[in-house]
$ cat my_file15.tsv   # TSV, C-alpha atoms
chain	number	residue	atom	x	y	z
T	6	ALA	CA	-13.28	-10.41	-7.39
T	7	GLN	CA	-12.45	-7.22	-5.57
T	8	SER	CA	-11.00	-4.40	-7.62
T	9	VAL	CA	-10.26	-0.70	-7.49
T	10	THR	CA	-10.38	1.62	-10.47
T	11	GLN	CA	-8.76	5.01	-10.68
T	12	PRO	CA	-9.82	6.26	-14.10
T	13	ASP	CA	-7.43	9.20	-14.28
T	14	ILE	CA	-3.78	8.31	-14.88
T	15	HIS	CA	-2.63	11.93	-14.72
T	16	ILE	CA	-4.27	15.09	-13.46
T	17	THR	CA	-2.81	18.57	-13.69
T	18	VAL	CA	-4.16	21.42	-11.59
T	19	SER	CA	-2.99	24.93	-10.86
T	20	GLU	CA	-1.77	25.77	-7.39
T	21	GLY	CA	-4.68	27.05	-5.33
T	22	ALA	CA	-7.27	25.27	-7.44
T	23	SER	CA	-9.54	22.56	-6.09
T	24	LEU	CA	-8.87	18.88	-6.68
T	25	GLU	CA	-10.93	15.74	-6.99
T	26	LEU	CA	-9.38	12.33	-7.63
T	27	ARG	CA	-11.78	9.58	-8.56
T	28	CYS	CA	-11.89	6.07	-7.16
T	29	ASN	CA	-14.42	3.31	-7.82
T	30	TYR	CA	-14.35	-0.05	-6.15
T	31	SER	CA	-15.89	-3.44	-6.56
T	32	TYR	CA	-16.43	-5.33	-3.33
T	33	GLY	CA	-19.19	-7.62	-2.13
T	34	ALA	CA	-19.53	-6.35	1.41
T	35	THR	CA	-19.12	-3.02	3.16
T	36	PRO	CA	-15.63	-1.96	2.20
T	37	TYR	CA	-12.85	-0.50	4.22
T	38	LEU	CA	-11.42	2.23	1.99
T	39	PHE	CA	-8.15	4.09	2.07
T	40	TRP	CA	-6.24	6.77	0.22
T	41	TYR	CA	-2.44	6.68	0.26
T	42	VAL	CA	0.03	9.18	-1.18
T	43	GLN	CA	3.44	8.33	-2.58
T	44	SER	CA	6.01	11.05	-3.24
T	45	PRO	CA	8.80	10.24	-5.72
T	46	GLY	CA	11.14	7.62	-4.31
T	47	GLN	CA	9.18	7.42	-1.08
T	48	GLY	CA	6.92	4.92	0.63
T	49	LEU	CA	3.16	5.07	1.03
T	50	GLN	CA	1.66	7.49	3.50
T	51	LEU	CA	-1.92	7.07	4.69
T	52	LEU	CA	-4.04	10.15	3.96
T	53	LEU	CA	-7.38	8.94	5.29
T	54	LYS	CA	-9.57	5.91	5.79
T	55	TYR	CA	-13.25	4.95	5.87
T	56	PHE	CA	-14.39	2.08	8.05
T	57	SER	CA	-17.97	3.01	8.98
T	58	GLY	CA	-20.13	5.89	10.16
T	59	ASP	CA	-19.92	9.36	8.65
T	60	THR	CA	-19.44	9.00	4.91
T	61	LEU	CA	-17.35	12.18	4.69
T	62	VAL	CA	-13.96	11.55	6.23
T	63	GLN	CA	-11.22	14.04	6.95
T	64	GLY	CA	-7.57	13.23	6.55
T	65	ILE	CA	-4.18	14.78	6.87
T	66	LYS	CA	-2.85	17.68	4.79
T	67	GLY	CA	-6.35	19.11	4.27
T	68	PHE	CA	-7.68	16.15	2.27
T	69	GLU	CA	-11.15	14.68	2.58
T	70	ALA	CA	-13.00	11.85	0.88
T	71	GLU	CA	-16.63	10.90	0.55
T	72	PHE	CA	-17.93	7.33	0.50
T	73	LYS	CA	-20.93	6.91	-1.79
T	74	ARG	CA	-22.26	3.38	-1.59
T	75	SER	CA	-24.76	3.88	-4.42
T	76	GLN	CA	-21.96	4.84	-6.79
T	77	SER	CA	-19.30	2.51	-5.33
T	78	SER	CA	-17.04	5.52	-5.12
T	79	PHE	CA	-14.60	7.04	-2.66
T	80	ASN	CA	-13.35	10.23	-4.27
T	81	LEU	CA	-10.58	12.29	-2.74
T	82	ARG	CA	-10.89	16.06	-2.58
T	83	LYS	CA	-8.92	19.08	-1.53
T	84	PRO	CA	-10.25	22.64	-1.77
T	85	SER	CA	-6.92	24.32	-2.52
T	86	VAL	CA	-3.92	22.44	-3.85
T	87	HIS	CA	-0.35	23.29	-2.83
T	88	TRP	CA	2.73	22.62	-4.96
T	89	SER	CA	3.86	20.09	-2.35
T	90	ASP	CA	0.80	17.95	-3.10
T	91	ALA	CA	2.36	16.81	-6.37
T	92	ALA	CA	2.68	13.05	-5.95
T	93	GLU	CA	1.03	9.77	-6.87
T	94	TYR	CA	-2.23	8.95	-5.12
T	95	PHE	CA	-3.49	5.43	-4.58
T	96	CYS	CA	-6.96	4.35	-3.56
T	97	ALA	CA	-7.21	0.96	-1.85
T	98	VAL	CA	-9.90	-1.34	-0.53
T	99	GLY	CA	-9.27	-3.52	2.51
T	100	GLN	CA	-10.42	-7.10	2.35
T	101	MET	CA	-12.11	-7.96	5.60
T	102	ASP	CA	-11.39	-11.64	5.78
T	103	SER	CA	-8.56	-13.18	7.75
T	104	SER	CA	-5.80	-11.52	5.77
T	105	TYR	CA	-7.01	-7.90	5.70
T	106	LYS	CA	-4.93	-7.41	2.56
T	107	LEU	CA	-5.19	-4.19	0.59
T	108	ILE	CA	-6.10	-4.09	-3.07
T	109	PHE	CA	-4.77	-0.99	-4.76
T	110	GLY	CA	-5.86	1.00	-7.75
T	111	SER	CA	-3.36	1.83	-10.43
T	112	GLY	CA	-2.81	5.33	-9.07
T	113	THR	CA	-3.28	8.90	-10.23
T	114	ARG	CA	-0.28	11.13	-10.72
T	115	LEU	CA	-1.00	14.71	-9.68
T	116	LEU	CA	0.96	17.51	-11.28
T	117	VAL	CA	0.65	21.03	-9.88
T	118	ARG	CA	1.16	24.06	-12.11
T	119	PRO	CA	2.67	27.10	-10.38
X	71	GLU	CA	5.79	8.66	15.95
X	72	PRO	CA	6.47	4.95	15.49
X	73	GLU	CA	7.28	3.84	11.97
X	74	VAL	CA	8.02	0.78	9.90
X	75	THR	CA	11.65	0.53	8.83
X	76	GLN	CA	13.18	-1.48	6.01
X	77	THR	CA	16.72	-2.44	5.10
X	78	PRO	CA	18.46	-2.18	2.78
X	79	SER	CA	17.00	0.75	0.86
X	80	HIS	CA	18.47	-0.58	-2.37
X	81	GLN	CA	19.69	-4.09	-3.19
X	82	VAL	CA	21.37	-5.10	-6.41
X	83	THR	CA	21.77	-8.80	-7.06
X	84	GLN	CA	22.51	-11.16	-9.90
X	85	MET	CA	19.90	-13.46	-11.34
X	86	GLY	CA	19.75	-16.75	-9.45
X	87	GLN	CA	21.05	-15.31	-6.19
X	88	GLU	CA	19.16	-15.35	-2.91
X	89	VAL	CA	18.13	-12.09	-1.29
X	90	ILE	CA	16.66	-11.31	2.11
X	91	LEU	CA	14.74	-8.11	2.61
X	92	ARG	CA	14.34	-6.98	6.19
X	93	CYS	CA	11.60	-5.07	7.94
X	94	VAL	CA	11.01	-3.92	11.48
X	95	PRO	CA	7.25	-3.42	11.96
X	96	ILE	CA	5.71	-1.11	14.52
X	97	SER	CA	6.20	-2.79	17.88
X	98	ASN	CA	2.59	-3.35	19.02
X	99	HIS	CA	1.29	-4.40	15.62
X	100	LEU	CA	0.13	-7.95	15.03
X	101	TYR	CA	-0.41	-8.20	11.27
X	102	PHE	CA	2.45	-8.03	8.80
X	103	TYR	CA	2.48	-7.77	5.02
X	104	TRP	CA	4.72	-7.61	2.00
X	105	TYR	CA	3.71	-5.80	-1.17
X	106	ARG	CA	5.63	-5.05	-4.31
X	107	GLN	CA	5.49	-2.35	-6.94
X	108	ILE	CA	7.08	-2.91	-10.32
X	109	LEU	CA	8.26	0.40	-11.77
X	110	GLY	CA	5.32	2.38	-13.10
X	111	GLN	CA	2.73	-0.15	-11.98
X	112	LYS	CA	0.31	-0.54	-9.11
X	113	VAL	CA	1.15	-1.83	-5.66
X	114	GLU	CA	0.46	-5.59	-5.47
X	115	PHE	CA	-0.15	-7.74	-2.42
X	116	LEU	CA	2.31	-10.58	-1.88
X	117	VAL	CA	1.66	-12.11	1.52
X	118	SER	CA	0.10	-11.50	4.92
X	119	PHE	CA	1.38	-12.95	8.18
X	120	TYR	CA	-0.32	-13.27	11.55
X	121	ASN	CA	0.31	-15.34	14.64
X	122	ASN	CA	3.53	-16.70	13.17
X	123	GLU	CA	2.00	-18.08	10.04
X	124	ILE	CA	0.99	-16.99	6.56
X	125	SER	CA	-2.69	-16.03	6.49
X	126	GLU	CA	-2.87	-15.38	2.76
X	127	LYS	CA	-0.55	-15.27	-0.22
X	128	SER	CA	-1.01	-14.14	-3.78
X	129	GLU	CA	-0.23	-15.98	-7.00
X	130	ILE	CA	3.01	-14.02	-7.20
X	131	PHE	CA	4.20	-15.56	-3.93
X	132	ASP	CA	5.41	-18.87	-5.32
X	133	ASP	CA	7.85	-21.39	-3.88
X	134	GLN	CA	10.76	-19.01	-4.47
X	135	PHE	CA	9.40	-16.69	-1.79
X	136	SER	CA	9.28	-17.19	1.95
X	137	VAL	CA	8.65	-15.03	4.99
X	138	GLU	CA	9.83	-15.33	8.53
X	139	ARG	CA	9.57	-13.54	11.83
X	140	PRO	CA	12.79	-14.81	13.36
X	141	ASP	CA	12.49	-12.81	16.58
X	142	GLY	CA	10.09	-10.41	18.22
X	143	SER	CA	10.95	-7.47	16.02
X	144	ASN	CA	12.07	-8.45	12.51
X	145	PHE	CA	9.98	-9.63	9.58
X	146	THR	CA	11.86	-10.87	6.52
X	147	LEU	CA	11.09	-11.69	2.91
X	148	LYS	CA	13.41	-14.15	1.21
X	149	ILE	CA	13.60	-14.73	-2.51
X	150	ARG	CA	15.47	-17.96	-3.02
X	151	SER	CA	16.58	-17.62	-6.64
X	152	THR	CA	15.94	-14.18	-8.06
X	153	LYS	CA	14.68	-13.60	-11.59
X	154	LEU	CA	14.87	-10.45	-13.69
X	155	GLU	CA	11.13	-9.96	-13.22
X	156	ASP	CA	11.58	-9.77	-9.44
X	157	SER	CA	13.04	-6.29	-9.91
X	158	ALA	CA	10.65	-4.01	-8.04
X	159	MET	CA	10.14	-1.92	-4.95
X	160	TYR	CA	9.18	-4.12	-2.03
X	161	PHE	CA	7.13	-2.60	0.76
X	162	CYS	CA	6.61	-4.00	4.21
X	163	ALA	CA	3.52	-2.98	6.17
X	164	SER	CA	2.08	-3.67	9.58
X	165	SER	CA	-1.23	-3.07	11.27
X	166	THR	CA	-3.20	-3.50	14.45
X	167	PRO	CA	-6.42	-5.48	14.51
X	168	ARG	CA	-9.44	-3.78	12.95
X	169	GLY	CA	-10.96	-3.01	16.30
X	170	GLN	CA	-7.97	-0.84	17.15
X	171	GLY	CA	-7.90	1.16	13.91
X	172	GLY	CA	-6.48	-1.42	11.57
X	173	GLU	CA	-4.89	0.76	8.95
X	174	GLN	CA	-1.67	-0.49	7.46
X	175	TYR	CA	1.50	1.51	7.93
X	176	PHE	CA	4.07	1.14	5.19
X	177	GLY	CA	7.83	1.23	5.32
X	178	PRO	CA	9.88	3.28	2.86
X	179	GLY	CA	10.56	0.25	0.68
X	180	THR	CA	13.53	-1.69	-0.63
X	181	ARG	CA	14.33	-1.26	-4.28
X	182	LEU	CA	15.48	-4.63	-5.61
X	183	THR	CA	17.37	-4.67	-8.90
X	184	VAL	CA	18.12	-8.04	-10.45
X	185	THR	CA	20.74	-8.02	-13.19

$ encode --input "my_file15.tsv" --output "structure tokens"
Amino acid sequence: AQSVTQPDIHITVSEGASLELRCNYSYGATPYLFWYVQSPGQGLQLLLKYFSGDTLVQGIKGFEAEFKRSQSSFNLRKPSVHWSDAAEYFCAVGQMDSSYKLIFGSGTRLLVRP
Amino acid sequence: EPEVTQTPSHQVTQMGQEVILRCVPISNHLYFYWYRQILGQKVEFLVSFYNNEISEKSEIFDDQFSVERPDGSNFTLKIRSTKLEDSAMYFCASSTPRGQGGEQYFGPGTRLTVT
């Protein structure tokens, strides 16, 4: 069965520091991978996606993610975190059958120290 | 920029009552979804809808749930007889076919509280 694991429940970084959020997936075929961000009380905003091609993908707000097939990973990175990046981050894998449903990880809550 | 909208933003209902959650997907999208997120937990898939029929539903989506696209713009989720455990944030999403990008755009959610 398809699954997504985000091993870090909480991460705290200082403003201006670099960030890496981990995501591992289990999926039989080539996955479609996504990162979404959820601010408190808000909906889910798409940060970036990987469908095919270049394994390093750029997203909004200065985020990037790298797909590593050998490690079944799709980690999210940002070189310099801003206080406004504090939110919950969800990794998701898209199931490429007729439904195209998304399977989400349990999320990583990012706290930013001033 | 086009967006998915949902109404109401917050719904409080008593156990056993019927509720209808409404969504207006992005106008040129063809695939529609409902997800839910119980407080503090992950986002879970409920149902997908394409070409006026359900394409997949999860175990959560039992006979108490139904979806409908009553006209060309709205997409609704009905819970026939609510239970306490239905309390959650419900998200609607829509997407284009994969060949046109395919990412799902989410609405802001409806917080359902069952008392």

$ atom_distance --input "my_file15.tsv" --atom1 "CA of Val137 (chain X)" --atom2 "CA of Phe109 (chain T)"
21.7 Å

$ residues_around --input "my_file15.tsv" --residues "region 90-94 of chain X" --least-positions-apart "4" --cutoff "12 Å" --atoms "all atoms listed in the file" --output "number ranges by chain"
X: 72-83, 98-99, 102-106, 134-152, 159-164, 175-182

$ atom_distance --input "my_file15.tsv" --atom1 "CA of Lys112 (chain X)" --atom2 "CA of Cys28 (chain T)"
14.0 Å

$ interface_residues --input "my_file15.tsv" --of "chain T" --to "chain X" --cutoff "10 Å" --atoms "only C-alpha atoms" --output "PyMOL selection string"
chain T and resi 37-39+41+43+46-51+53-56+95+97+99+101-112

$ residues_around --input "my_file15.tsv" --residues "Asp13 (chain T)" --least-positions-apart "6" --cutoff "8 Å" --atoms "all atoms listed in the file" --output "VMD selection string"
chain T and resid 26 to 27 112 to 113

$ atom_distance --input "my_file15.tsv" --atom1 "CA of Tyr30 (chain T)" --atom2 "CA of Phe131 (chain X)"
24.3 Å

$ residues_around --input "my_file15.tsv" --residues "region 72-74 of chain T" --least-positions-apart "5" --cutoff "8 Å" --atoms "all atoms listed in the file" --output "number ranges by chain"
T: 55, 60-61, 79-80

$ closest_residue --input "my_file15.tsv" --among "T:Val42, T:Cys96, T:Ile14, T:Ala22" --to "Ser78 (chain T)" --atoms "only C-alpha atoms"
T:Cys96

$ residues_around --input "my_file15.tsv" --residues "Ala91 (chain T)" --least-positions-apart "4" --cutoff "9 Å" --atoms "all atoms listed in the file" --output "list in words"
Ser44, Val86, His87, Arg114, Leu115, Leu116 and Val117 of chain T

$ axis_aligned_box --input "my_file15.tsv" --around "region 129-145 of chain X" --padding-each-side "8 Å" --output "JSON"
{"center_x": 6.3, "center_y": -14.4, "center_z": 5.5, "size_x": 29.0, "size_y": 29.9, "size_z": 41.4}
